[in-house]
file structure19.cif (mmCIF, C-alpha atoms)
data_protein
#
loop_
_atom_site.label_atom_id
_atom_site.label_comp_id
_atom_site.auth_asym_id
_atom_site.auth_seq_id
_atom_site.Cartn_x
_atom_site.Cartn_y
_atom_site.Cartn_z
CA MET A 7 118.14 -5.51 -137.82
CA GLN A 8 116.60 -7.29 -134.84
CA ARG A 9 118.53 -5.08 -132.44
CA ALA A 10 117.36 -2.01 -134.36
CA LEU A 11 113.75 -3.20 -134.05
CA GLU A 12 114.18 -3.60 -130.28
CA ARG A 13 115.41 0.02 -130.13
CA GLY A 14 112.18 1.17 -131.72
CA VAL A 15 113.34 1.63 -135.33
CA SER A 16 110.43 1.33 -137.77
CA ILE A 17 111.15 -1.50 -140.22
CA CYS A 18 108.98 -3.15 -142.87
CA ILE A 19 109.97 -5.91 -145.31
CA ILE A 20 108.43 -6.50 -148.74
CA THR A 21 109.35 -9.85 -150.23
CA ASP A 22 108.20 -12.69 -152.49
CA HIS A 23 107.78 -16.46 -152.18
CA GLU A 24 111.22 -17.33 -153.57
CA MET A 25 113.09 -15.00 -151.25
CA ALA A 26 110.98 -15.81 -148.17
CA TYR A 27 111.51 -19.55 -148.45
CA SER A 28 115.09 -19.60 -149.75
CA LYS A 29 117.48 -21.70 -147.65
CA ILE A 30 119.71 -18.68 -147.00
CA SER A 31 116.84 -16.26 -146.41
CA LYS A 32 116.44 -14.64 -143.00
CA VAL A 33 112.98 -13.26 -143.78
CA LEU A 34 111.04 -15.83 -141.72
CA GLU A 35 113.40 -15.38 -138.78
CA LEU A 36 112.90 -11.62 -138.96
CA ALA A 37 109.12 -12.09 -139.15
CA ALA A 38 109.27 -14.26 -136.04
CA CYS A 39 111.03 -11.38 -134.26
CA GLY A 40 108.03 -9.14 -134.93
CA LEU A 41 108.95 -7.42 -138.19
CA PRO A 42 105.94 -6.80 -140.47
CA VAL A 43 106.42 -8.75 -143.70
CA ARG A 44 104.31 -8.16 -146.81
CA GLY A 45 104.44 -9.31 -150.38
CA PRO A 46 102.92 -11.43 -153.14
CA PHE A 47 103.63 -15.00 -151.98
CA THR A 48 103.29 -16.48 -155.44
CA THR A 49 105.72 -18.38 -157.65
CA ASN A 50 105.37 -16.17 -160.73
CA VAL A 51 106.50 -12.86 -159.24
CA VAL A 52 110.10 -12.16 -158.23
CA MET A 53 111.11 -9.02 -156.35
CA ASN A 54 114.50 -7.38 -156.07
CA HIS A 55 115.14 -6.71 -152.38
CA LYS A 56 115.90 -3.25 -151.11
CA ILE A 57 116.21 -3.20 -147.33
CA CYS A 58 117.24 0.03 -145.59
CA VAL A 59 117.61 0.58 -141.84
CA MET A 60 117.86 4.26 -140.91
CA ASP A 61 119.45 4.27 -137.47
CA GLY A 62 121.94 6.27 -135.49
CA ALA A 63 121.76 9.18 -133.06
CA ALA A 64 122.68 11.86 -135.60
CA ARG A 65 120.07 10.78 -138.15
CA VAL A 66 117.34 10.38 -135.51
CA GLN A 67 118.05 13.87 -134.16
CA GLU A 68 117.93 15.27 -137.70
CA ILE A 69 114.50 13.72 -138.31
CA LEU A 70 113.20 15.05 -134.98
CA GLU A 71 114.34 18.57 -135.90
CA LEU A 72 112.78 18.34 -139.37
CA LYS A 73 109.43 17.28 -137.91
CA LYS A 74 109.26 20.52 -135.90
CA HIS A 75 108.83 22.48 -139.12
CA LYS A 76 105.64 22.91 -141.12
CA TRP A 77 106.38 21.04 -144.32
CA PRO A 78 104.16 20.35 -147.35
CA LEU A 79 101.79 17.42 -147.05
CA PRO A 80 103.93 14.85 -148.95
CA TYR A 81 106.74 15.17 -146.40
CA LYS A 82 104.34 14.73 -143.50
CA ILE A 83 102.97 11.56 -145.02
CA MET A 84 106.43 10.09 -145.48
CA SER A 85 107.85 11.06 -142.11
CA SER A 86 104.98 10.98 -139.65
CA THR A 87 104.39 7.85 -137.58
CA ALA A 88 101.56 9.28 -135.49
CA GLY A 89 98.81 6.80 -134.75
CA LYS A 90 100.74 3.82 -136.10
CA ARG A 91 99.55 0.56 -134.54
CA LYS A 92 101.76 -2.43 -133.87
CA GLU A 93 101.46 -5.37 -136.23
CA ILE A 94 101.76 -8.04 -133.52
CA TYR A 95 100.61 -8.18 -129.89
CA LYS A 96 101.74 -11.04 -127.68
CA TYR A 97 100.50 -12.43 -124.36
CA LEU A 98 102.28 -15.09 -122.30
CA ALA A 99 100.02 -17.23 -120.11
CA PRO A 100 101.17 -19.09 -116.99
CA TRP A 101 100.48 -22.45 -118.65
CA PRO A 102 100.41 -24.09 -122.12
CA LEU A 103 97.41 -22.99 -124.19
CA TYR A 104 95.07 -24.88 -126.47
CA SER A 105 91.58 -23.43 -126.87
CA MET A 106 90.90 -19.78 -127.70
CA ASN A 107 88.09 -17.55 -128.94
CA TRP A 108 87.48 -13.87 -129.77
CA SER A 109 84.70 -11.99 -128.05
CA VAL A 110 82.28 -10.38 -130.55
CA ARG A 111 80.71 -7.78 -128.26
CA PRO A 112 81.11 -4.27 -129.72
CA ASP A 113 82.25 -2.87 -126.36
CA LYS A 114 84.99 -5.54 -125.96
CA ARG A 115 87.05 -5.06 -129.11
CA PHE A 116 90.19 -7.01 -128.26
CA ARG A 117 88.98 -9.52 -125.67
CA LEU A 118 89.81 -13.23 -125.89
CA ALA A 119 89.19 -16.30 -123.76
CA LEU A 120 92.06 -18.80 -123.40
CA GLY A 121 91.99 -22.39 -122.14
CA SER A 122 94.97 -24.16 -120.60
CA PHE A 123 96.29 -27.56 -121.65
CA ILE A 124 97.57 -29.25 -118.50
CA GLU A 125 97.51 -33.05 -118.51
CA GLU A 126 95.66 -33.35 -115.22
CA TYR A 127 92.22 -32.63 -113.77
CA ASN A 128 92.86 -29.04 -112.65
CA ASN A 129 92.95 -26.62 -115.57
CA LYS A 130 92.28 -22.93 -116.11
CA VAL A 131 90.35 -20.53 -118.34
CA GLN A 132 91.56 -16.96 -118.59
CA ILE A 133 89.93 -13.88 -120.10
CA ILE A 134 92.43 -11.35 -121.44
CA SER A 135 91.97 -7.92 -122.99
CA LEU A 136 94.24 -5.59 -124.96
CA ASP A 137 94.71 -2.07 -123.65
CA GLU A 138 95.02 -0.07 -126.87
CA ASP A 139 96.68 2.84 -125.05
CA THR A 140 99.50 0.81 -123.49
CA SER A 141 99.57 -1.87 -126.24
CA GLU A 142 99.63 -4.58 -123.57
CA PHE A 143 97.41 -7.56 -122.80
CA SER A 144 96.19 -8.04 -119.25
CA ALA A 145 94.25 -10.83 -117.53
CA LYS A 146 90.74 -9.71 -116.56
CA SER A 147 89.48 -12.97 -115.06
CA THR A 148 90.90 -16.43 -114.35
CA PHE A 149 88.86 -19.40 -113.17
CA ASP A 150 89.21 -23.14 -112.63
CA HIS A 151 88.03 -25.69 -115.17
CA PRO A 152 87.89 -29.50 -114.87
CA TYR A 153 90.20 -31.02 -117.49
CA PRO A 154 91.45 -29.02 -120.52
CA THR A 155 88.75 -27.30 -122.54
CA THR A 156 88.31 -28.84 -125.98
CA LYS A 157 86.71 -25.59 -127.17
CA ILE A 158 85.83 -22.14 -125.86
CA MET A 159 83.27 -19.88 -127.49
CA TRP A 160 81.71 -16.54 -126.60
CA ILE A 161 78.01 -16.08 -127.20
CA PRO A 162 77.65 -14.84 -130.82
CA ASP A 163 76.07 -11.56 -129.78
CA SER A 164 77.57 -8.72 -131.82
CA LYS A 165 74.94 -6.23 -130.57
CA GLY A 166 75.42 -6.83 -126.85
CA VAL A 167 71.76 -7.61 -126.12
CA TYR A 168 72.29 -10.97 -124.40
CA PRO A 169 74.07 -11.62 -121.09
CA ASP A 170 77.88 -11.68 -121.43
CA LEU A 171 78.25 -15.45 -121.66
CA LEU A 172 80.90 -17.89 -122.78
CA ALA A 173 80.74 -21.68 -123.02
CA THR A 174 83.35 -24.42 -122.67
CA SER A 175 83.38 -28.09 -123.58
CA GLY A 176 85.30 -30.89 -121.91
CA ASP A 177 83.66 -33.56 -119.79
CA TYR A 178 80.44 -31.50 -120.02
CA LEU A 179 79.17 -28.34 -121.69
CA ARG A 180 79.41 -25.45 -119.24
CA VAL A 181 78.02 -21.93 -119.62
CA TRP A 182 79.70 -19.08 -117.73
CA ARG A 183 78.84 -15.44 -117.11
CA ALA A 184 81.90 -13.28 -117.69
CA GLY A 185 82.89 -10.75 -115.06
CA GLU A 186 85.89 -8.77 -113.89
CA PRO A 187 87.49 -10.20 -111.85
CA ASP A 188 85.01 -13.02 -111.10
CA THR A 189 83.47 -15.21 -113.78
CA ARG A 190 80.52 -17.25 -112.54
CA LEU A 191 79.39 -20.73 -113.62
CA GLU A 192 75.78 -20.48 -114.77
CA CYS A 193 74.99 -24.09 -115.64
CA VAL A 194 76.42 -27.52 -116.44
CA LEU A 195 74.62 -29.30 -119.28
CA ASN A 196 74.67 -33.08 -118.87
CA ASN A 197 72.51 -35.42 -120.91
CA ASN A 198 73.49 -38.55 -119.00
CA LYS A 199 72.20 -38.06 -115.46
CA ASN A 200 71.78 -41.80 -114.79
CA SER A 201 75.50 -42.54 -114.74
CA ASP A 202 78.57 -41.40 -112.83
CA PHE A 203 80.49 -41.43 -116.11
CA CYS A 204 80.19 -39.24 -119.15
CA ALA A 205 81.31 -39.34 -122.76
CA PRO A 206 83.72 -36.39 -123.24
CA LEU A 207 82.73 -33.64 -125.63
CA THR A 208 85.13 -33.03 -128.49
CA SER A 209 83.68 -29.71 -129.68
CA PHE A 210 80.57 -27.55 -129.91
CA ASP A 211 79.14 -24.64 -131.90
CA TRP A 212 76.91 -21.74 -130.85
CA ASN A 213 74.26 -20.82 -133.41
CA GLU A 214 74.79 -17.26 -134.70
CA VAL A 215 71.21 -16.72 -135.86
CA ASP A 216 69.58 -18.17 -132.73
CA PRO A 217 71.95 -17.93 -129.72
CA ASN A 218 69.52 -20.11 -127.76
CA LEU A 219 70.83 -23.12 -129.74
CA VAL A 220 74.13 -24.89 -129.01
CA GLY A 221 75.28 -28.09 -130.70
CA THR A 222 77.83 -30.49 -129.16
CA SER A 223 79.80 -33.44 -130.56
CA SER A 224 80.97 -36.39 -128.50
CA ILE A 225 83.14 -39.49 -128.62
CA ASP A 226 79.97 -41.58 -128.09
CA THR A 227 79.08 -41.04 -131.82
CA THR A 228 76.31 -38.54 -131.04
CA CYS A 229 75.57 -34.88 -131.61
CA THR A 230 73.29 -33.09 -129.16
CA ILE A 231 71.38 -29.87 -129.79
CA TRP A 232 70.76 -27.91 -126.60
CA GLY A 233 68.23 -25.17 -126.03
CA LEU A 234 69.28 -22.38 -123.66
CA GLU A 235 66.92 -20.21 -121.65
CA THR A 236 67.70 -17.00 -119.80
CA GLY A 237 65.53 -15.21 -117.31
CA GLN A 238 65.70 -12.59 -114.58
CA PRO A 239 64.28 -13.92 -111.30
CA HIS A 240 64.89 -11.48 -108.44
CA ALA A 241 66.87 -9.20 -110.75
CA ARG A 242 69.55 -11.86 -111.34
CA VAL A 243 70.11 -13.32 -114.79
CA TYR A 244 70.09 -17.10 -114.81
CA VAL A 245 70.85 -19.54 -117.60
CA ALA A 246 69.48 -23.06 -117.98
CA GLY A 247 69.41 -25.59 -120.77
CA HIS A 248 67.51 -28.61 -122.04
CA VAL A 249 68.08 -31.20 -124.75
CA LYS A 250 66.16 -30.40 -127.91
CA THR A 251 67.42 -33.45 -129.77
CA GLN A 252 70.18 -36.02 -129.73
CA LEU A 253 71.14 -38.11 -132.72
CA ILE A 254 73.69 -40.74 -133.67
CA ALA A 255 75.66 -38.73 -136.19
CA HIS A 256 78.51 -41.09 -137.18
CA ASP A 257 79.61 -44.70 -136.97
CA LYS A 258 82.51 -43.70 -134.71
CA GLU A 259 83.56 -40.75 -132.56
CA VAL A 260 82.37 -37.30 -133.66
CA TYR A 261 85.19 -34.74 -133.55
CA ASP A 262 83.62 -31.45 -134.64
CA ILE A 263 80.28 -29.78 -135.35
CA ALA A 264 79.44 -26.46 -137.03
CA PHE A 265 76.19 -24.69 -137.93
CA SER A 266 75.80 -23.54 -141.54
CA ARG A 267 74.45 -20.16 -142.66
CA ALA A 268 72.46 -21.89 -145.40
CA GLY A 269 68.68 -21.99 -145.25
CA GLY A 270 68.40 -19.07 -142.88
CA GLY A 271 71.36 -20.07 -140.70
CA ARG A 272 69.42 -21.75 -137.90
CA ASP A 273 68.62 -25.35 -138.75
CA MET A 274 71.47 -26.82 -140.79
CA PHE A 275 74.74 -28.13 -139.39
CA ALA A 276 77.54 -30.49 -140.34
CA SER A 277 79.83 -32.81 -138.42
CA VAL A 278 83.05 -34.76 -138.97
CA GLY A 279 84.32 -37.85 -137.21
CA ALA A 280 86.62 -40.82 -136.87
CA ASP A 281 84.81 -42.64 -139.70
CA GLY A 282 86.34 -40.12 -142.14
CA SER A 283 83.07 -38.57 -143.30
CA VAL A 284 81.50 -35.10 -143.43
CA ARG A 285 77.76 -35.33 -142.78
CA MET A 286 75.12 -32.62 -143.06
CA PHE A 287 71.91 -32.45 -141.01
CA ASP A 288 68.74 -30.37 -140.96
CA LEU A 289 66.95 -29.91 -137.63
CA ARG A 290 63.66 -29.87 -139.49
CA HIS A 291 64.29 -33.30 -141.07
CA LEU A 292 66.44 -35.36 -138.72
CA GLU A 293 65.24 -38.68 -140.12
CA HIS A 294 68.10 -38.59 -142.63
CA SER A 295 71.47 -36.96 -143.25
CA THR A 296 73.63 -36.24 -146.30
CA ILE A 297 77.21 -37.48 -146.63
CA ILE A 298 79.09 -34.64 -148.30
CA TYR A 299 82.53 -36.26 -148.32
CA GLU A 300 84.30 -39.45 -147.29
CA ASP A 301 88.06 -39.72 -146.96
CA PRO A 302 89.29 -42.37 -149.45
CA ALA A 303 91.42 -44.04 -146.75
CA HIS A 304 88.74 -43.54 -144.07
CA THR A 305 91.17 -41.40 -142.08
CA ALA A 306 89.53 -39.54 -139.23
CA LEU A 307 88.50 -35.95 -139.97
CA LEU A 308 89.23 -33.64 -137.04
CA ARG A 309 88.13 -30.11 -137.93
CA LEU A 310 85.27 -28.49 -139.82
CA ALA A 311 84.66 -24.84 -140.74
CA TRP A 312 81.99 -23.20 -142.90
CA ASN A 313 82.72 -20.28 -145.20
CA LYS A 314 81.34 -17.20 -143.40
CA GLN A 315 80.10 -15.49 -146.58
CA ASP A 316 79.25 -18.35 -148.94
CA PRO A 317 77.52 -21.33 -147.25
CA ASN A 318 78.23 -23.55 -150.24
CA TYR A 319 81.82 -24.02 -149.12
CA LEU A 320 83.34 -25.68 -146.10
CA ALA A 321 86.83 -26.79 -145.11
CA THR A 322 88.00 -29.89 -143.27
CA VAL A 323 91.28 -31.49 -142.28
CA ALA A 324 92.20 -35.12 -141.65
CA MET A 325 94.22 -36.48 -138.75
CA ASP A 326 98.00 -36.01 -139.20
CA SER A 327 97.40 -34.43 -142.61
CA CYS A 328 99.43 -31.55 -144.08
CA GLU A 329 96.60 -30.39 -146.33
CA VAL A 330 93.23 -28.71 -145.96
CA ILE A 331 90.33 -29.90 -148.10
CA ILE A 332 87.80 -27.40 -149.50
CA LEU A 333 84.37 -28.85 -150.32
CA ASP A 334 81.42 -27.51 -152.29
CA VAL A 335 78.12 -28.94 -151.01
CA ARG A 336 76.70 -28.60 -154.54
CA VAL A 337 79.33 -31.08 -155.77
CA PRO A 338 79.55 -33.63 -152.95
CA CYS A 339 82.31 -36.20 -152.47
CA THR A 340 84.90 -34.41 -154.63
CA PRO A 341 87.14 -31.72 -153.11
CA VAL A 342 87.07 -28.48 -155.07
CA ALA A 343 90.53 -27.52 -153.78
CA ARG A 344 93.39 -28.80 -151.65
CA LEU A 345 95.67 -26.44 -149.73
CA SER A 346 98.89 -28.33 -149.26
CA ASN A 347 101.79 -25.99 -148.45
CA HIS A 348 102.10 -26.93 -144.79
CA ARG A 349 105.17 -29.06 -144.01
CA ALA A 350 103.61 -30.70 -140.93
CA CYS A 351 100.09 -31.60 -139.81
CA VAL A 352 97.41 -28.90 -139.82
CA ASN A 353 95.80 -28.06 -136.47
CA GLY A 354 93.40 -25.22 -137.23
CA ILE A 355 91.34 -23.58 -139.98
CA ALA A 356 89.51 -20.24 -139.94
CA TRP A 357 87.57 -18.52 -142.73
CA ALA A 358 87.71 -14.75 -143.09
CA PRO A 359 84.60 -13.17 -141.54
CA HIS A 360 84.36 -10.53 -144.28
CA SER A 361 85.44 -12.39 -147.44
CA SER A 362 84.24 -15.54 -149.18
CA CYS A 363 87.61 -16.30 -150.77
CA HIS A 364 90.09 -16.07 -147.89
CA ILE A 365 90.94 -18.75 -145.36
CA CYS A 366 93.70 -19.11 -142.78
CA THR A 367 95.35 -22.39 -141.76
CA ALA A 368 97.86 -23.22 -139.02
CA GLY A 369 99.92 -26.25 -138.14
CA ASP A 370 102.81 -28.04 -136.49
CA ASP A 371 105.25 -26.44 -138.96
CA HIS A 372 104.96 -23.25 -136.83
CA GLN A 373 103.15 -21.50 -139.70
CA ALA A 374 99.92 -19.57 -140.12
CA LEU A 375 99.06 -19.22 -143.83
CA ILE A 376 96.40 -17.06 -145.48
CA TRP A 377 95.05 -18.29 -148.82
CA ASP A 378 93.09 -16.66 -151.64
CA ILE A 379 90.86 -19.35 -153.16
CA GLN A 380 88.94 -17.23 -155.67
CA GLN A 381 90.53 -19.05 -158.63
CA MET A 382 88.89 -22.38 -157.70
CA PRO A 383 88.48 -24.92 -159.23
CA ARG A 384 91.97 -24.20 -160.57
CA ALA A 385 94.70 -25.39 -158.23
CA ILE A 386 95.66 -23.10 -155.34
CA GLU A 387 99.44 -23.37 -155.29
CA ASP A 388 100.64 -20.90 -152.65
CA PRO A 389 99.36 -18.78 -149.79
CA ILE A 390 99.28 -15.00 -150.15
CA LEU A 391 100.58 -14.34 -146.64
CA ALA A 392 102.63 -16.40 -144.20
CA TYR A 393 103.63 -15.97 -140.57
CA THR A 394 106.06 -18.18 -138.67
CA ALA A 395 105.91 -18.64 -134.91
CA ALA A 396 109.54 -19.52 -134.34
CA GLU A 397 109.00 -20.72 -130.77
CA GLY A 398 106.41 -23.45 -131.25
CA GLU A 399 103.79 -25.39 -133.16
CA VAL A 400 100.62 -23.39 -133.80
CA ASN A 401 97.75 -25.38 -132.30
CA GLN A 402 94.89 -22.89 -132.59
CA ILE A 403 93.85 -20.11 -134.95
CA GLN A 404 90.91 -17.69 -134.88
CA TRP A 405 89.92 -14.86 -137.23
CA GLY A 406 88.16 -12.08 -135.31
CA ALA A 407 84.51 -11.89 -136.39
CA THR A 408 84.28 -8.20 -135.55
CA GLN A 409 88.02 -7.57 -136.11
CA PRO A 410 88.57 -8.76 -139.71
CA ASP A 411 92.02 -7.15 -139.82
CA TRP A 412 93.29 -9.45 -137.06
CA ILE A 413 93.87 -13.16 -136.56
CA ALA A 414 94.86 -14.84 -133.30
CA ILE A 415 97.11 -17.86 -132.85
CA CYS A 416 98.23 -19.97 -129.88
CA TYR A 417 101.49 -21.84 -129.44
CA ASN A 418 103.13 -23.11 -126.26
CA LYS A 419 102.18 -20.55 -123.57
CA ALA A 420 101.79 -17.69 -126.04
CA CYS A 421 98.76 -16.06 -127.63
CA GLU A 422 99.48 -13.62 -130.46
CA ILE A 423 97.18 -11.44 -132.49
CA LEU A 424 98.49 -10.55 -135.94
CA ARG A 425 97.43 -7.69 -138.15
CA VAL A 426 96.63 -8.93 -141.65
#

call {"tool": "encode", "arguments": {"input": "structure19.cif", "output": "structure tokens"}}
result
Amino acid sequence: MQRALERGVSICIITDHEMAYSKISKVLELAACGLPVRGPFTTNVVMNHKICVMDGAARVQEILELKKHKWPLPYKIMSSTAGKRKEIYKYLAPWPLYSMNWSVRPDKRFRLALGSFIEEYNNKVQIISLDEDTSEFSAKSTFDHPYPTTKIMWIPDSKGVYPDLLATSGDYLRVWRAGEPDTRLECVLNNNKNSDFCAPLTSFDWNEVDPNLVGTSSIDTTCTIWGLETGQPHARVYVAGHVKTQLIAHDKEVYDIAFSRAGGGRDMFASVGADGSVRMFDLRHLEHSTIIYEDPAHTALLRLAWNKQDPNYLATVAMDSCEVIILDVRVPCTPVARLSNHRACVNGIAWAPHSSCHICTAGDDHQALIWDIQQMPRAIEDPILAYTAAEGEVNQIQWGATQPDWIAICYNKACEILRV
């Protein structure tokens, strides 16, 4: 079947949870080869497999001859493959990848920024774009970056009215102006100008409602909110930044920060850290914060993601944990759901941009899982879709904000976008 796929034979598999995860099943191996796999991944539905591969020179020639005739509409629907888009697109970078982000500009539909993970000072950031005519990714710009990027993010500008900017975090927060082939560094934001040393940044978030606000998290226990300014002196766009506020957010290192869409979407954000807590802040009232959740064992919490459609819900994951915790800010301290089907630690979480009840998770078990959580607070037992990257542990996952039918994953040197 794999050889048939390589010859261009159109194959699709419909399966169920029992068959996909059976010890003798080859479904996951076939999915890793690029076959589209669909089905209800639940434990209460069992399907009877029917797999048919129509291959061979005589049969192919027969189909080609039949398609020359004008047949009734039902035959055209069954036989025509015109306009069919691939389910998976893959790009291999020159180095191992870690950070990744989708561009949201309407004129850059399938553009992503990738950050290398090389354990030395000299690292790279690469901007790639999918040519929808050739179905191939190509590198549009590659530039040097000090140390690996802990996060990359394009300016959240879905209307294309701001300069084409992206930001990276590492030793400092840097803002870049994207270009082809040259991407230019606009500014380096450093809040510790009195020292030759800096506290590395673990993550940051760019405010969707007010793109002039960027929040960073650091190992020095602080979160910093930066204000960006853009201008046009001598017909050249420039970008500069200043500290609006800095606060001690946790008792230990802060590992992630994310703005919430609640209260207008500008002033509220949450953070997670090595003290095992999720804390919520309001820029209008920084004299206090709210602890939404504390891990019972005080295990460090590494990732944080807000539901894109319902700001009452957020997801977090603990260090070396195989499960994702869903929280409801209206019921603090008690998880409303636990997603626990991963067989190794979870590395990434991404909410659907268009749905309040779908979330994708990825981990060291090579899997990317999509969950339907609409039955909360009842237990969520199984994902509805699963994809296995046979070649490596999935260390990053993104759900395209303007491409809700596509998710992107990174493993080893590969970036893949998957049609969901």

call {"tool": "resolve_selection", "arguments": {"input": "structure19.cif", "expression": "the PyMOL selection byres ((chain A and resi 278-293) around 8)", "output": "ChimeraX atom specification"}}
result
/A:255-263,273-277,294-301,303-310,324

call {"tool": "atom_distance", "arguments": {"input": "structure19.cif", "atom1": "CA of Lys32 (chain A)", "atom2": "CA of Ile17 (chain A)"}}
result
14.4 Å

call {"tool": "residues_near_point", "arguments": {"input": "structure19.cif", "point": "(94.0, -19.5, -148.5)", "cutoff": "9 Å", "atoms": "only C-alpha atoms", "output": "compact mmCIF listing (two decimals) with C-alpha atoms, in the frame of the given file"}}
result
# COMPACT_ATOMS: atom_id res chain seq x y z
CA LEU A 345 95.67 -26.44 -149.73
CA TRP A 357 87.57 -18.52 -142.73
CA CYS A 363 87.61 -16.30 -150.77
CA HIS A 364 90.09 -16.07 -147.89
CA ILE A 365 90.94 -18.75 -145.36
CA CYS A 366 93.70 -19.11 -142.78
CA THR A 367 95.35 -22.39 -141.76
CA LEU A 375 99.06 -19.22 -143.83
CA ILE A 376 96.40 -17.06 -145.48
CA TRP A 377 95.05 -18.29 -148.82
CA ASP A 378 93.09 -16.66 -151.64
CA ILE A 379 90.86 -19.35 -153.16
CA ILE A 386 95.66 -23.10 -155.34
CA ASP A 388 100.64 -20.90 -152.65
CA PRO A 389 99.36 -18.78 -149.79
CA ILE A 390 99.28 -15.00 -150.15
CA LEU A 391 100.58 -14.34 -146.64

call {"tool": "closest_residue", "arguments": {"input": "structure19.cif", "among": "A:Ile332, A:Ala407, A:Leu171, A:Leu103", "to": "Ala385 (chain A)", "atoms": "all atoms listed in the file"}}
result
A:Ile332

call {"tool": "residues_around", "arguments": {"input": "structure19.cif", "residues": "region 116-127 of chain A", "least_positions_apart": "6", "cutoff": "7 Å", "atoms": "all atoms listed in the file", "output": "ChimeraX atom specification"}}
result
/A:101-109,133-136,152-155

call {"tool": "residues_around", "arguments": {"input": "structure19.cif", "residues": "Arg115 (chain A)", "least_positions_apart": "4", "cutoff": "8 Å", "atoms": "all atoms listed in the file", "output": "PyMOL selection string"}}
result
chain A and resi 109-111+408-409

call {"tool": "residues_around", "arguments": {"input": "structure19.cif", "residues": "Ala99 (chain A)", "least_positions_apart": "5", "cutoff": "8 Å", "atoms": "all atoms listed in the file", "output": "list in words"}}
result
Lys419, Ala420 and Cys421 of chain A

call {"tool": "atom_distance", "arguments": {"input": "structure19.cif", "atom1": "CA of Val181 (chain A)", "atom2": "CA of Leu195 (chain A)"}}
result
8.1 Å

call {"tool": "atom_distance", "arguments": {"input": "structure19.cif", "atom1": "CA of Asp334 (chain A)", "atom2": "CA of Lys314 (chain A)"}}
result
13.6 Å

call {"tool": "closest_residue", "arguments": {"input": "structure19.cif", "among": "A:Leu333, A:Cys204, A:Val426, A:Val249", "to": "Val43 (chain A)", "atoms": "all atoms listed in the file"}}
result
A:Val426

call {"tool": "closest_residue", "arguments": {"input": "structure19.cif", "among": "A:Thr156, A:Thr236, A:Asn213, A:Thr222", "to": "Tyr168 (chain A)", "atoms": "all atoms listed in the file"}}
result
A:Thr236

call {"tool": "closest_residue", "arguments": {"input": "structure19.cif", "among": "A:Tyr417, A:Trp405, A:Tyr393, A:Tyr319", "to": "Ala37 (chain A)", "atoms": "only C-alpha atoms"}}
result
A:Tyr393

call {"tool": "closest_residue", "arguments": {"input": "structure19.cif", "among": "A:Asn198, A:Asn401, A:Asn129, A:Thr394", "to": "Val352 (chain A)", "atoms": "only C-alpha atoms"}}
result
A:Asn401

call {"tool": "resolve_selection", "arguments": {"input": "structure19.cif", "expression": "the PyMOL selection byres ((chain A and resi 272) around 12)", "output": "JSON, numbers by chain"}}
result
{"A": [211, 212, 213, 214, 215, 216, 217, 218, 219, 220, 221, 231, 264, 265, 266, 267, 268, 269, 270, 271, 273, 274, 275, 287, 288, 289, 290]}

call {"tool": "resolve_selection", "arguments": {"input": "structure19.cif", "expression": "the PyMOL selection byres ((chain A and resi 165) around 7)", "output": "VMD selection string"}}
result
chain A and resid 111 to 112 163 to 164 166 to 167

call {"tool": "write_last_selection", "arguments": {"input": "structure19.cif", "atoms": "C-alpha atoms", "output": "PDB file, in the frame of the given file"}}
result
ATOM      1  CA  ARG A 111      80.710  -7.780-128.260  1.00  0.00           C
ATOM      2  CA  PRO A 112      81.110  -4.270-129.720  1.00  0.00           C
ATOM      3  CA  ASP A 163      76.070 -11.560-129.780  1.00  0.00           C
ATOM      4  CA  SER A 164      77.570  -8.720-131.820  1.00  0.00           C
ATOM      5  CA  GLY A 166      75.420  -6.830-126.850  1.00  0.00           C
ATOM      6  CA  VAL A 167      71.760  -7.610-126.120  1.00  0.00           C
TER       7      VAL A 167
END

call {"tool": "closest_residue", "arguments": {"input": "structure19.cif", "among": "A:Met382, A:Leu234, A:Val342, A:Cys351", "to": "Lys250 (chain A)", "atoms": "only C-alpha atoms"}}
result
A:Leu234

call {"tool": "decode", "arguments": {"input": "structure19.cif", "residues": "region 410-416 of chain A", "atoms": "N, CA and C atoms", "output": "PDB file, in the first residue's frame"}}
result
ATOM      1  N   PRO A 410      -7.885  27.407   9.796  1.00  0.00           N
ATOM      2  CA  PRO A 410      -8.397  26.477  10.813  1.00  0.00           C
ATOM      3  C   PRO A 410      -8.451  25.028  10.369  1.00  0.00           C
ATOM      4  N   ASP A 411      -8.284  24.763   9.079  1.00  0.00           N
ATOM      5  CA  ASP A 411      -8.263  23.379   8.598  1.00  0.00           C
ATOM      6  C   ASP A 411      -6.881  22.749   8.693  1.00  0.00           C
ATOM      7  N   TRP A 412      -5.900  23.486   9.205  1.00  0.00           N
ATOM      8  CA  TRP A 412      -4.525  22.994   9.200  1.00  0.00           C
ATOM      9  C   TRP A 412      -3.865  23.182  10.561  1.00  0.00           C
ATOM     10  N   ILE A 413      -3.103  22.169  10.972  1.00  0.00           N
ATOM     11  CA  ILE A 413      -2.223  22.299  12.129  1.00  0.00           C
ATOM     12  C   ILE A 413      -0.799  22.051  11.651  1.00  0.00           C
ATOM     13  N   ALA A 414       0.165  22.586  12.377  1.00  0.00           N
ATOM     14  CA  ALA A 414       1.579  22.401  12.045  1.00  0.00           C
ATOM     15  C   ALA A 414       2.294  21.772  13.229  1.00  0.00           C
ATOM     16  N   ILE A 415       3.200  20.846  12.934  1.00  0.00           N
ATOM     17  CA  ILE A 415       3.992  20.206  13.978  1.00  0.00           C
ATOM     18  C   ILE A 415       5.462  20.244  13.582  1.00  0.00           C
ATOM     19  N   CYS A 416       6.336  20.144  14.588  1.00  0.00           N
ATOM     20  CA  CYS A 416       7.773  20.043  14.364  1.00  0.00           C
ATOM     21  C   CYS A 416       8.315  18.821  15.081  1.00  0.00           C
TER      22      CYS A 416
END
